[in-house]
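Asks: Data file work-v8.cif (mmCIF, C-alpha atoms) is appended below.
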data_model
loop_
_atom_site.label_atom_id
_atom_site.label_comp_id
_atom_site.auth_asym_id
_atom_site.auth_seq_id
_atom_site.Cartn_x
_atom_site.Cartn_y
_atom_site.Cartn_z
CA MET A 1 160.04 64.04 49.30
CA PRO A 2 161.61 61.23 47.31
CA HIS A 3 158.98 58.76 46.15
CA LEU A 4 159.79 55.49 44.41
CA ARG A 5 156.85 53.59 42.95
CA LEU A 6 157.42 50.12 41.58
CA GLU A 7 154.82 48.45 39.41
CA TYR A 8 155.19 44.77 38.67
CA SER A 9 153.33 41.94 37.03
CA ALA A 10 151.63 39.72 39.59
CA ASN A 11 153.49 36.62 38.37
CA LEU A 12 156.59 38.00 40.12
CA GLU A 13 155.06 37.38 43.55
CA GLU A 14 156.28 33.80 43.23
CA LYS A 15 159.56 34.45 41.44
CA ALA A 16 160.97 37.44 43.30
CA ASP A 17 161.06 38.93 46.78
CA ILE A 18 159.47 42.30 46.13
CA ALA A 19 159.78 43.38 49.76
CA ALA A 20 163.54 42.80 49.47
CA VAL A 21 163.60 44.80 46.23
CA CYS A 22 161.90 47.69 48.04
CA ALA A 23 164.45 47.43 50.86
CA ALA A 24 167.36 47.43 48.40
CA ALA A 25 166.03 50.48 46.56
CA HIS A 26 165.39 52.27 49.85
CA GLN A 27 168.96 51.62 50.97
CA ALA A 28 170.33 52.83 47.64
CA ILE A 29 168.33 56.07 47.91
CA LEU A 30 169.62 56.82 51.42
CA ALA A 31 173.18 55.82 50.50
CA THR A 32 173.35 58.66 47.97
CA GLY A 33 173.53 61.05 50.91
CA ILE A 34 171.16 63.43 49.14
CA PHE A 35 167.99 62.67 51.09
CA GLU A 36 167.23 62.79 54.78
CA LEU A 37 166.23 59.71 56.73
CA GLY A 38 162.61 60.68 57.22
CA ALA A 39 161.95 61.24 53.55
CA PRO A 40 162.05 58.15 51.28
CA ARG A 41 158.80 56.40 50.52
CA VAL A 42 159.37 53.28 48.45
CA ARG A 43 156.34 51.19 47.54
CA ALA A 44 155.36 48.46 45.12
CA PHE A 45 152.06 47.64 43.43
CA SER A 46 151.19 44.29 41.88
CA ALA A 47 149.23 44.33 38.61
CA PRO A 48 146.72 41.46 38.54
CA HIS A 49 146.13 41.94 34.81
CA TYR A 50 148.87 42.53 32.24
CA ALA A 51 149.99 41.85 28.65
CA ILE A 52 153.75 41.93 28.11
CA ALA A 53 155.76 41.71 24.86
CA ASP A 54 154.89 38.44 23.10
CA ARG A 55 152.62 37.48 26.01
CA HIS A 56 154.68 34.42 26.92
CA ALA A 57 153.41 33.23 30.30
CA GLU A 58 156.84 33.71 31.86
CA ASN A 59 157.09 37.36 30.78
CA ALA A 60 157.32 39.75 33.70
CA PHE A 61 158.33 43.32 34.40
CA VAL A 62 159.24 45.82 37.10
CA ASP A 63 158.79 49.46 36.12
CA MET A 64 159.81 52.23 38.50
CA VAL A 65 159.19 55.96 38.71
CA PHE A 66 161.27 57.97 41.15
CA ARG A 67 159.83 61.41 41.96
CA LEU A 68 161.93 63.87 43.89
CA GLY A 69 161.65 67.46 45.03
CA ALA A 70 163.21 70.28 43.06
CA GLY A 71 166.65 71.56 43.96
CA ARG A 72 168.89 68.66 43.04
CA SER A 73 171.30 69.04 40.15
CA GLY A 74 171.09 67.00 36.99
CA GLU A 75 174.15 65.08 38.17
CA GLU A 76 172.49 64.25 41.50
CA LYS A 77 169.38 63.04 39.72
CA LYS A 78 171.40 60.86 37.36
CA ARG A 79 173.50 59.47 40.19
CA THR A 80 170.40 58.60 42.22
CA GLY A 81 168.73 56.94 39.24
CA GLU A 82 171.83 54.88 38.53
CA ALA A 83 172.06 53.85 42.18
CA ILE A 84 168.44 52.69 42.27
CA MET A 85 168.74 50.85 38.96
CA THR A 86 171.95 49.13 40.04
CA ALA A 87 170.50 48.02 43.38
CA VAL A 88 167.27 46.72 41.90
CA ALA A 89 169.01 44.99 39.00
CA ALA A 90 171.24 43.20 41.52
CA ALA A 91 168.24 42.12 43.58
CA LEU A 92 166.57 40.81 40.42
CA ALA A 93 169.66 39.36 38.72
CA PRO A 94 168.19 35.85 38.32
CA LEU A 95 165.27 37.29 36.36
CA LEU A 96 167.51 39.37 34.13
CA ALA A 97 169.51 36.24 33.32
CA GLU A 98 166.42 34.65 31.79
CA PRO A 99 164.80 35.85 28.54
CA HIS A 100 161.47 36.96 30.00
CA PHE A 101 162.06 40.07 32.04
CA ALA A 102 162.19 43.85 31.63
CA LEU A 103 163.28 46.41 34.22
CA SER A 104 162.92 50.16 33.82
CA LEU A 105 163.20 53.41 35.76
CA GLU A 106 162.37 57.03 35.15
CA VAL A 107 163.33 59.95 37.39
CA VAL A 108 160.86 62.85 37.49
CA GLU A 109 161.04 66.14 39.37
CA ILE A 110 158.08 67.33 41.44
CA ASP A 111 156.83 70.85 40.67
CA PRO A 112 157.63 72.93 43.78
CA ASP A 113 154.85 75.41 43.05
CA LEU A 114 152.15 72.77 42.86
CA SER A 115 153.05 70.36 45.62
CA TRP A 116 152.32 70.13 49.32
CA LYS A 117 153.72 67.96 52.09
CA MET A 118 153.36 67.21 55.79
CA ASN A 119 155.71 64.81 57.52
CA SER A 120 155.47 63.96 61.20
CA MET A 121 158.51 61.67 61.02
CA HIS A 122 161.07 64.43 60.56
CA ALA A 123 160.72 65.72 64.14
CA ARG A 124 161.43 62.21 65.40
CA LEU A 125 164.32 61.51 63.06
CA ARG A 126 166.16 64.80 62.59
CA GLY A 127 169.27 64.91 64.67
CA LYS A 128 169.36 61.14 65.02
CA MET B 129 138.83 65.30 33.77
CA PRO B 130 140.13 65.74 37.30
CA HIS B 131 141.82 62.58 38.55
CA LEU B 132 143.05 62.12 42.10
CA ARG B 133 145.16 59.04 42.76
CA LEU B 134 146.08 58.20 46.34
CA GLU B 135 148.78 55.68 47.07
CA TYR B 136 149.15 54.42 50.63
CA SER B 137 151.08 51.86 52.62
CA ALA B 138 148.95 48.79 53.35
CA ASN B 139 149.40 49.20 57.11
CA LEU B 140 146.94 52.11 56.92
CA GLU B 141 144.05 49.76 56.15
CA GLU B 142 143.77 49.18 59.89
CA LYS B 143 144.60 52.68 61.09
CA ALA B 144 142.62 54.88 58.73
CA ASP B 145 139.36 54.91 56.80
CA ILE B 146 140.64 55.28 53.25
CA ALA B 147 137.15 55.26 51.76
CA ALA B 148 136.34 58.26 53.97
CA VAL B 149 139.55 59.95 52.83
CA CYS B 150 138.48 59.47 49.21
CA ALA B 151 135.05 60.91 50.03
CA ALA B 152 136.58 63.94 51.76
CA ALA B 153 138.90 64.63 48.84
CA HIS B 154 136.05 64.20 46.36
CA GLN B 155 133.93 66.71 48.28
CA ALA B 156 136.83 69.18 48.42
CA ILE B 157 137.33 68.93 44.66
CA LEU B 158 133.67 69.61 43.91
CA ALA B 159 133.48 72.39 46.52
CA THR B 160 136.03 74.42 44.56
CA GLY B 161 133.31 75.03 41.98
CA ILE B 162 135.85 74.54 39.18
CA PHE B 163 134.81 71.03 38.09
CA GLU B 164 131.51 69.65 36.97
CA LEU B 165 129.71 66.90 38.88
CA GLY B 166 130.34 64.16 36.35
CA ALA B 167 134.07 64.66 36.28
CA PRO B 168 136.00 63.78 39.46
CA ARG B 169 137.54 60.35 39.72
CA VAL B 170 139.17 59.83 43.12
CA ARG B 171 140.75 56.46 43.79
CA ALA B 172 143.17 54.87 46.23
CA PHE B 173 145.66 52.04 45.84
CA SER B 174 147.19 50.06 48.69
CA ALA B 175 150.86 49.13 48.42
CA PRO B 176 151.45 45.66 49.87
CA HIS B 177 155.23 46.19 49.90
CA TYR B 178 156.95 49.39 51.05
CA ALA B 179 160.02 50.82 52.80
CA ILE B 180 159.49 54.19 54.46
CA ALA B 181 162.01 56.51 56.15
CA ASP B 182 163.75 54.61 59.00
CA ARG B 183 161.53 51.58 58.30
CA HIS B 184 159.87 51.72 61.72
CA ALA B 185 156.92 49.32 61.57
CA GLU B 186 154.49 52.14 62.35
CA ASN B 187 155.68 54.30 59.46
CA ALA B 188 152.98 54.98 56.90
CA PHE B 189 152.26 57.36 54.06
CA VAL B 190 149.59 58.72 51.76
CA ASP B 191 150.87 60.27 48.54
CA MET B 192 148.49 61.91 46.09
CA VAL B 193 148.71 63.09 42.50
CA PHE B 194 145.92 65.28 41.17
CA ARG B 195 145.78 65.48 37.36
CA LEU B 196 143.50 68.01 35.74
CA GLY B 197 142.70 69.21 32.26
CA ALA B 198 144.35 72.30 30.82
CA GLY B 199 142.60 75.63 31.03
CA ARG B 200 142.66 76.39 34.75
CA SER B 201 144.77 79.26 35.99
CA GLY B 202 147.72 78.83 38.30
CA GLU B 203 145.61 80.28 41.09
CA GLU B 204 142.85 77.74 40.49
CA LYS B 205 145.34 74.90 40.52
CA LYS B 206 146.90 76.13 43.77
CA ARG B 207 143.50 76.62 45.37
CA THR B 208 142.37 73.13 44.40
CA GLY B 209 145.58 71.58 45.70
CA GLU B 210 145.24 73.42 48.99
CA ALA B 211 141.62 72.34 49.31
CA ILE B 212 142.48 68.67 48.74
CA MET B 213 145.45 68.80 51.11
CA THR B 214 143.40 70.49 53.84
CA ALA B 215 140.54 68.00 53.54
CA VAL B 216 142.79 64.94 53.55
CA ALA B 217 144.96 66.26 56.39
CA ALA B 218 141.81 66.78 58.46
CA ALA B 219 140.61 63.25 57.72
CA LEU B 220 144.01 61.89 58.75
CA ALA B 221 144.67 64.24 61.68
CA PRO B 222 145.24 61.41 64.20
CA LEU B 223 148.04 60.02 62.04
CA LEU B 224 149.68 63.42 61.59
CA ALA B 225 149.68 63.83 65.38
CA GLU B 226 151.92 60.77 65.72
CA PRO B 227 155.56 60.66 64.56
CA HIS B 228 155.18 58.02 61.86
CA PHE B 229 153.26 59.55 59.00
CA ALA B 230 153.85 61.53 55.79
CA LEU B 231 151.23 63.09 53.53
CA SER B 232 151.96 64.64 50.15
CA LEU B 233 150.23 65.96 47.06
CA GLU B 234 151.28 67.09 43.62
CA VAL B 235 149.07 68.79 41.04
CA VAL B 236 149.85 68.01 37.40
CA GLU B 237 148.21 69.29 34.22
CA ILE B 238 147.15 66.87 31.50
CA ASP B 239 148.45 67.62 28.00
CA PRO B 240 145.38 68.60 25.94
CA ASP B 241 147.04 67.55 22.67
CA LEU B 242 147.82 64.03 23.86
CA SER B 243 144.75 63.07 25.86
CA TRP B 244 141.40 61.52 25.03
CA LYS B 245 138.21 61.10 27.02
CA MET B 246 134.73 59.63 26.84
CA ASN B 247 132.24 60.13 29.64
CA SER B 248 128.75 58.71 29.60
CA MET B 249 127.91 60.27 32.99
CA HIS B 250 127.82 63.86 31.76
CA ALA B 251 124.56 63.37 29.79
CA ARG B 252 122.93 62.06 32.96
CA LEU B 253 124.31 64.74 35.27
CA ARG B 254 124.45 67.93 33.26
CA GLY B 255 121.56 70.21 34.09
CA LYS B 256 120.95 68.46 37.41
CA MET C 257 159.78 51.14 26.38
CA PRO C 258 156.07 51.68 25.88
CA HIS C 259 154.18 51.38 29.15
CA LEU C 260 150.42 51.43 29.42
CA ARG C 261 148.97 51.64 32.92
CA LEU C 262 145.24 51.25 33.39
CA GLU C 263 143.61 52.20 36.65
CA TYR C 264 140.02 51.16 37.26
CA SER C 265 137.41 51.17 39.97
CA ALA C 266 137.11 47.75 41.62
CA ASN C 267 133.41 47.50 40.74
CA LEU C 268 134.48 46.80 37.14
CA GLU C 269 135.89 43.40 38.10
CA GLU C 270 132.34 42.05 37.78
CA LYS C 271 131.20 44.15 34.83
CA ALA C 272 134.15 44.01 32.48
CA ASP C 273 136.91 41.65 31.40
CA ILE C 274 139.95 43.70 32.31
CA ALA C 275 142.37 41.04 31.09
CA ALA C 276 140.69 41.26 27.69
CA VAL C 277 140.98 45.06 27.80
CA CYS C 278 144.71 44.71 28.44
CA ALA C 279 145.00 42.28 25.53
CA ALA C 280 143.11 44.63 23.21
CA ALA C 281 145.29 47.59 24.16
CA HIS C 282 148.43 45.48 23.75
CA GLN C 283 147.36 44.43 20.27
CA ALA C 284 146.57 48.03 19.32
CA ILE C 285 150.01 49.17 20.46
CA LEU C 286 151.81 46.52 18.41
CA ALA C 287 149.55 47.09 15.39
CA THR C 288 150.83 50.67 15.09
CA GLY C 289 154.11 49.21 13.85
CA ILE C 290 156.04 51.75 15.91
CA PHE C 291 157.14 49.45 18.74
CA GLU C 292 159.05 46.22 18.73
CA LEU C 293 157.55 43.00 20.01
CA GLY C 294 159.63 42.79 23.18
CA ALA C 295 158.68 46.23 24.37
CA PRO C 296 155.04 46.77 25.39
CA ARG C 297 154.11 46.41 29.03
CA VAL C 298 150.38 46.81 29.56
CA ARG C 299 149.06 46.42 33.08
CA ALA C 300 145.95 47.23 35.08
CA PHE C 301 145.44 48.11 38.74
CA SER C 302 142.16 47.86 40.60
CA ALA C 303 141.31 50.62 43.07
CA PRO C 304 139.55 49.17 46.11
CA HIS C 305 138.48 52.64 47.28
CA TYR C 306 137.10 55.37 45.00
CA ALA C 307 134.65 58.28 44.76
CA ILE C 308 133.42 59.05 41.24
CA ALA C 309 131.25 61.92 39.97
CA ASP C 310 127.91 61.89 41.87
CA ARG C 311 129.00 58.74 43.69
CA HIS C 312 126.21 56.62 42.22
CA ALA C 313 127.03 53.00 43.08
CA GLU C 314 127.15 52.08 39.38
CA ASN C 315 129.72 54.75 38.54
CA ALA C 316 132.98 53.32 37.26
CA PHE C 317 136.06 54.44 35.37
CA VAL C 318 139.10 53.30 33.44
CA ASP C 319 141.92 55.84 33.25
CA MET C 320 145.04 55.12 31.22
CA VAL C 321 148.50 56.64 30.96
CA PHE C 322 150.70 55.56 28.07
CA ARG C 323 154.38 56.38 28.54
CA LEU C 324 156.74 55.97 25.64
CA GLY C 325 160.38 56.64 24.89
CA ALA C 326 161.49 59.80 23.15
CA GLY C 327 162.01 59.83 19.41
CA ARG C 328 158.49 59.42 18.08
CA SER C 329 156.88 62.30 16.22
CA GLY C 330 153.82 64.10 17.48
CA GLU C 331 151.83 62.37 14.74
CA GLU C 332 153.03 58.95 15.89
CA LYS C 333 152.11 59.73 19.48
CA LYS C 334 148.65 60.93 18.46
CA ARG C 335 148.11 57.92 16.25
CA THR C 336 149.12 55.52 19.01
CA GLY C 337 146.87 57.26 21.52
CA GLU C 338 143.93 57.10 19.14
CA ALA C 339 144.58 53.42 18.45
CA ILE C 340 144.64 52.57 22.16
CA MET C 341 141.55 54.63 22.90
CA THR C 342 139.62 53.09 20.01
CA ALA C 343 140.55 49.54 21.01
CA VAL C 344 139.70 50.01 24.67
CA ALA C 345 136.45 51.86 23.93
CA ALA C 346 135.40 48.95 21.70
CA ALA C 347 136.23 46.45 24.42
CA LEU C 348 134.20 48.48 26.91
CA ALA C 349 131.35 49.50 24.58
CA PRO C 350 128.59 48.11 26.84
CA LEU C 351 129.79 50.32 29.71
CA LEU C 352 129.97 53.42 27.49
CA ALA C 353 126.38 52.77 26.44
CA GLU C 354 125.21 53.19 30.02
CA PRO C 355 125.29 56.50 31.92
CA HIS C 356 127.80 55.54 34.59
CA PHE C 357 131.19 55.24 32.96
CA ALA C 358 134.22 57.37 32.08
CA LEU C 359 137.22 56.37 29.98
CA SER C 360 140.36 58.46 29.57
CA LEU C 361 143.89 58.29 28.25
CA GLU C 362 146.96 60.47 28.35
CA VAL C 363 150.17 59.94 26.38
CA VAL C 364 153.37 61.05 28.08
CA GLU C 365 156.96 60.95 26.83
CA ILE C 366 159.71 59.50 29.01
CA ASP C 367 162.74 61.74 29.58
CA PRO C 368 165.64 60.04 27.77
CA ASP C 369 168.24 61.68 30.02
CA LEU C 370 166.65 60.43 33.22
CA SER C 371 165.56 56.91 32.37
CA TRP C 372 167.18 53.49 32.42
CA LYS C 373 166.14 50.13 31.04
CA MET C 374 167.20 46.51 30.85
CA ASN C 375 165.25 44.00 28.81
CA SER C 376 166.18 40.34 28.54
CA MET C 377 163.28 39.62 26.18
CA HIS C 378 164.72 41.49 23.19
CA ALA C 379 167.47 38.92 22.57
CA ARG C 380 164.84 36.21 22.43
CA LEU C 381 162.39 38.14 20.25
CA ARG C 382 164.49 40.19 17.85
CA GLY C 383 164.61 38.61 14.45
CA LYS C 384 161.52 36.55 15.13
#
Could you write out this structure as structure tokens?

Replies:
Amino acid sequence: MPHLRLEYSANLEEKADIAAVCAAAHQAILATGIFELGAPRVRAFSAPHYAIADRHAENAFVDMVFRLGAGRSGEEKKRTGEAIMTAVAAALAPLLAEPHFALSLEVVEIDPDLSWKMNSMHARLRGK
Amino acid sequence: MPHLRLEYSANLEEKADIAAVCAAAHQAILATGIFELGAPRVRAFSAPHYAIADRHAENAFVDMVFRLGAGRSGEEKKRTGEAIMTAVAAALAPLLAEPHFALSLEVVEIDPDLSWKMNSMHARLRGK
Amino acid sequence: MPHLRLEYSANLEEKADIAAVCAAAHQAILATGIFELGAPRVRAFSAPHYAIADRHAENAFVDMVFRLGAGRSGEEKKRTGEAIMTAVAAALAPLLAEPHFALSLEVVEIDPDLSWKMNSMHARLRGK
């Protein structure tokens, strides 16, 4: 159950295509070959209130947390994180070229003993 | 301080009663008998942008993280997680019966040394 | 990369100035002297659906998670948490004086081996 949550300052709604960022991250996750098609859930939440760095009105951020099930190696986790970061940085390159933007990502493993899941998409997608 | 955060794809606003899901989870948390009345804070956030599995337009998800204070046993944490999952799965049964939905939950303990809390409801509710 | 996420019940939009709460927390973070100017990202998300304590209509909450990079001592983490909690409690004092409000904070360290960051603000702000 790979989950990618993006949080972003609401001023990015006008400056970036967040749906396209989600799509790029989703593609990067699947392209690793580590996760099955029915699994990735990428989503983004806009923060209506924020206070960033020196509080310049142009300041903006995207912060991501990728949570994945146990069982992947440290190398697989690093590789997936790098793939997501690379894809999202490319999608947001114009923002990174200006002095008002911060992008970040953390990868976190889900505790297998204290997690539960139900997924009605797998039956439709497995074997496709 | 038991906190349940639900994240869901915005397309569920039309297909599910998220307020009722919150109410069902809240009731399940209190019914465990482990938490006091003034404590549970269940809340749900709608993601306006998302990319799920094969990106079929009907695809939707609810992902939950339950955070609770230290001091409960592993058995109590498992039992609470199962109770929340069961209650929410029942409230969303129609979605789980169709091939476009994923539901997940993780239980996480809050670090007692690095957390703070103030609660003006306890004085009103304790002894009730 | 210090990140402060606030989550709050949507009924606070009318009872509190959440932008001012973000500003107060942001100032408290910088006043610790531990973080550089280009770093803090404070943001707040409103939960449209929630179920709190005894579900009295006046019940409301603010829950915060502060995530910071590795390398700070336990004392520095405690001190930063206390500073944030104190600043936000002061900003929300009227709510804490009534029997319908809960405020909480957890401080969490980001895994240095599984995190990535890019920040185009530092070049502008360092040396200022």

Asks: Produce a table with one row for each residue of chain B that has an atom at most 6 Å from any atom of chain A, each row naming the nearest atom pair and its distance in Å at one decimal; use all atoms listed in the file; arrange rows by chain and rising residue number; format as CSV.

Replies:
residue,atom,partner,partner_atom,distance
B:Ala175,CA,A:Phe45,CA,5.3
B:His177,CA,A:Ala44,CA,5.3
B:Tyr178,CA,A:Arg43,CA,4.0
B:Ala179,CA,A:Val42,CA,5.0
B:Ile180,CA,A:Arg41,CA,4.6
B:Ala181,CA,A:Gly38,CA,4.3
B:Leu224,CA,A:Ser120,CA,5.8
B:Pro227,CA,A:Ser120,CA,4.7
B:His228,CA,A:Met121,CA,5.0
B:Phe229,CA,A:Ser120,CA,5.4
B:Ala230,CA,A:Asn119,CA,4.1
B:Leu231,CA,A:Met118,CA,5.2
B:Ser232,CA,A:Lys117,CA,4.2
B:Leu233,CA,A:Trp116,CA,5.2
B:Glu234,CA,A:Ser115,CA,4.2
B:Val235,CA,A:Leu114,CA,5.4

Asks: If you measure from atom CA of Val88 of chain A to atom CA of Ala138 of chain B, what distance in Å do you get, rounded to one decimal?

Replies: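 Value for the atom CA of Val88 of chain A-atom CA of Ala138 of chain B distance: 21.7 Å.
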
Asks: If you measure from atom CA of Asn11 of chain A to atom CA of Asp54 of chain A, what distance in Å do you get, rounded to one decimal?

Replies: 15.4 Å

Asks: Run the PyMOL selection byres ((chain C and resi 334-340) around 7) mentally over the shown coordinates, then write out the matched residues as a JSON list (two decimals) with C-alpha atoms, in the frame of the given file, using the chain letters and numbers from the document.

Replies:
[["chain", "number", "residue", "atom", "x", "y", "z"],
["B", 242, "LEU", "CA", 147.82, 64.03, 23.86],
["C", 281, "ALA", "CA", 145.29, 47.59, 24.16],
["C", 284, "ALA", "CA", 146.57, 48.03, 19.32],
["C", 285, "ILE", "CA", 150.01, 49.17, 20.46],
["C", 288, "THR", "CA", 150.83, 50.67, 15.09],
["C", 330, "GLY", "CA", 153.82, 64.10, 17.48],
["C", 331, "GLU", "CA", 151.83, 62.37, 14.74],
["C", 332, "GLU", "CA", 153.03, 58.95, 15.89],
["C", 333, "LYS", "CA", 152.11, 59.73, 19.48],
["C", 341, "MET", "CA", 141.55, 54.63, 22.90],
["C", 342, "THR", "CA", 139.62, 53.09, 20.01],
["C", 343, "ALA", "CA", 140.55, 49.54, 21.01],
["C", 344, "VAL", "CA", 139.70, 50.01, 24.67],
["C", 363, "VAL", "CA", 150.17, 59.94, 26.38]]

Asks: Provide the atom CA of Val236 of chain B to atom CA of Phe194 of chain B distance in Å, to one decimal place.

Replies: 6.1 Å

Asks: With N, CA and C atoms as the target, complete segment 43-63 of chain A and hand it back as a short mmCIF file (atom, residue, chain, number, x, y, z; two decimals), keeping the file's coordinate frame.

Replies:
data_model
loop_
_atom_site.label_atom_id
_atom_site.label_comp_id
_atom_site.auth_asym_id
_atom_site.auth_seq_id
_atom_site.Cartn_x
_atom_site.Cartn_y
_atom_site.Cartn_z
N ARG A 43 157.48 52.10 47.47
CA ARG A 43 156.34 51.19 47.54
C ARG A 43 156.16 50.47 46.22
N ALA A 44 155.50 49.31 46.31
CA ALA A 44 155.36 48.46 45.12
C ALA A 44 153.91 48.00 44.99
N PHE A 45 153.44 48.02 43.74
CA PHE A 45 152.06 47.64 43.43
C PHE A 45 152.06 46.49 42.43
N SER A 46 151.30 45.47 42.73
CA SER A 46 151.19 44.29 41.88
C SER A 46 150.02 44.47 40.90
N ALA A 47 150.29 44.24 39.63
CA ALA A 47 149.23 44.33 38.61
C ALA A 47 148.63 42.95 38.39
N PRO A 48 147.36 42.78 38.73
CA PRO A 48 146.72 41.46 38.54
C PRO A 48 146.49 41.12 37.07
N HIS A 49 146.35 42.16 36.24
CA HIS A 49 146.13 41.94 34.81
C HIS A 49 147.26 42.61 34.03
N TYR A 50 147.77 41.95 33.01
CA TYR A 50 148.87 42.53 32.24
C TYR A 50 148.98 41.81 30.89
N ALA A 51 149.70 42.44 29.96
CA ALA A 51 149.99 41.85 28.65
C ALA A 51 151.35 42.40 28.24
N ILE A 52 152.35 41.52 28.24
CA ILE A 52 153.75 41.93 28.11
C ILE A 52 154.37 41.31 26.86
N ALA A 53 154.96 42.17 26.02
CA ALA A 53 155.76 41.71 24.86
C ALA A 53 155.00 40.65 24.05
N ASP A 54 155.56 39.47 23.89
CA ASP A 54 154.89 38.44 23.10
C ASP A 54 153.88 37.63 23.91
N ARG A 55 153.60 38.09 25.12
CA ARG A 55 152.62 37.48 26.01
C ARG A 55 152.96 36.03 26.41
N HIS A 56 154.21 35.69 26.34
CA HIS A 56 154.68 34.42 26.92
C HIS A 56 154.32 34.43 28.41
N ALA A 57 153.88 33.28 28.91
CA ALA A 57 153.41 33.23 30.30
C ALA A 57 154.49 33.60 31.31
N GLU A 58 155.75 33.39 30.94
CA GLU A 58 156.84 33.71 31.86
C GLU A 58 157.21 35.20 31.85
N ASN A 59 156.73 35.93 30.87
CA ASN A 59 157.09 37.36 30.78
C ASN A 59 156.68 38.11 32.05
N ALA A 60 157.57 38.99 32.48
CA ALA A 60 157.32 39.75 33.70
C ALA A 60 158.05 41.08 33.60
N PHE A 61 157.64 42.04 34.41
CA PHE A 61 158.33 43.32 34.40
C PHE A 61 158.30 43.96 35.79
N VAL A 62 159.28 44.84 36.01
CA VAL A 62 159.24 45.82 37.10
C VAL A 62 159.51 47.16 36.43
N ASP A 63 158.60 48.10 36.63
CA ASP A 63 158.79 49.46 36.12
C ASP A 63 158.74 50.41 37.30
#
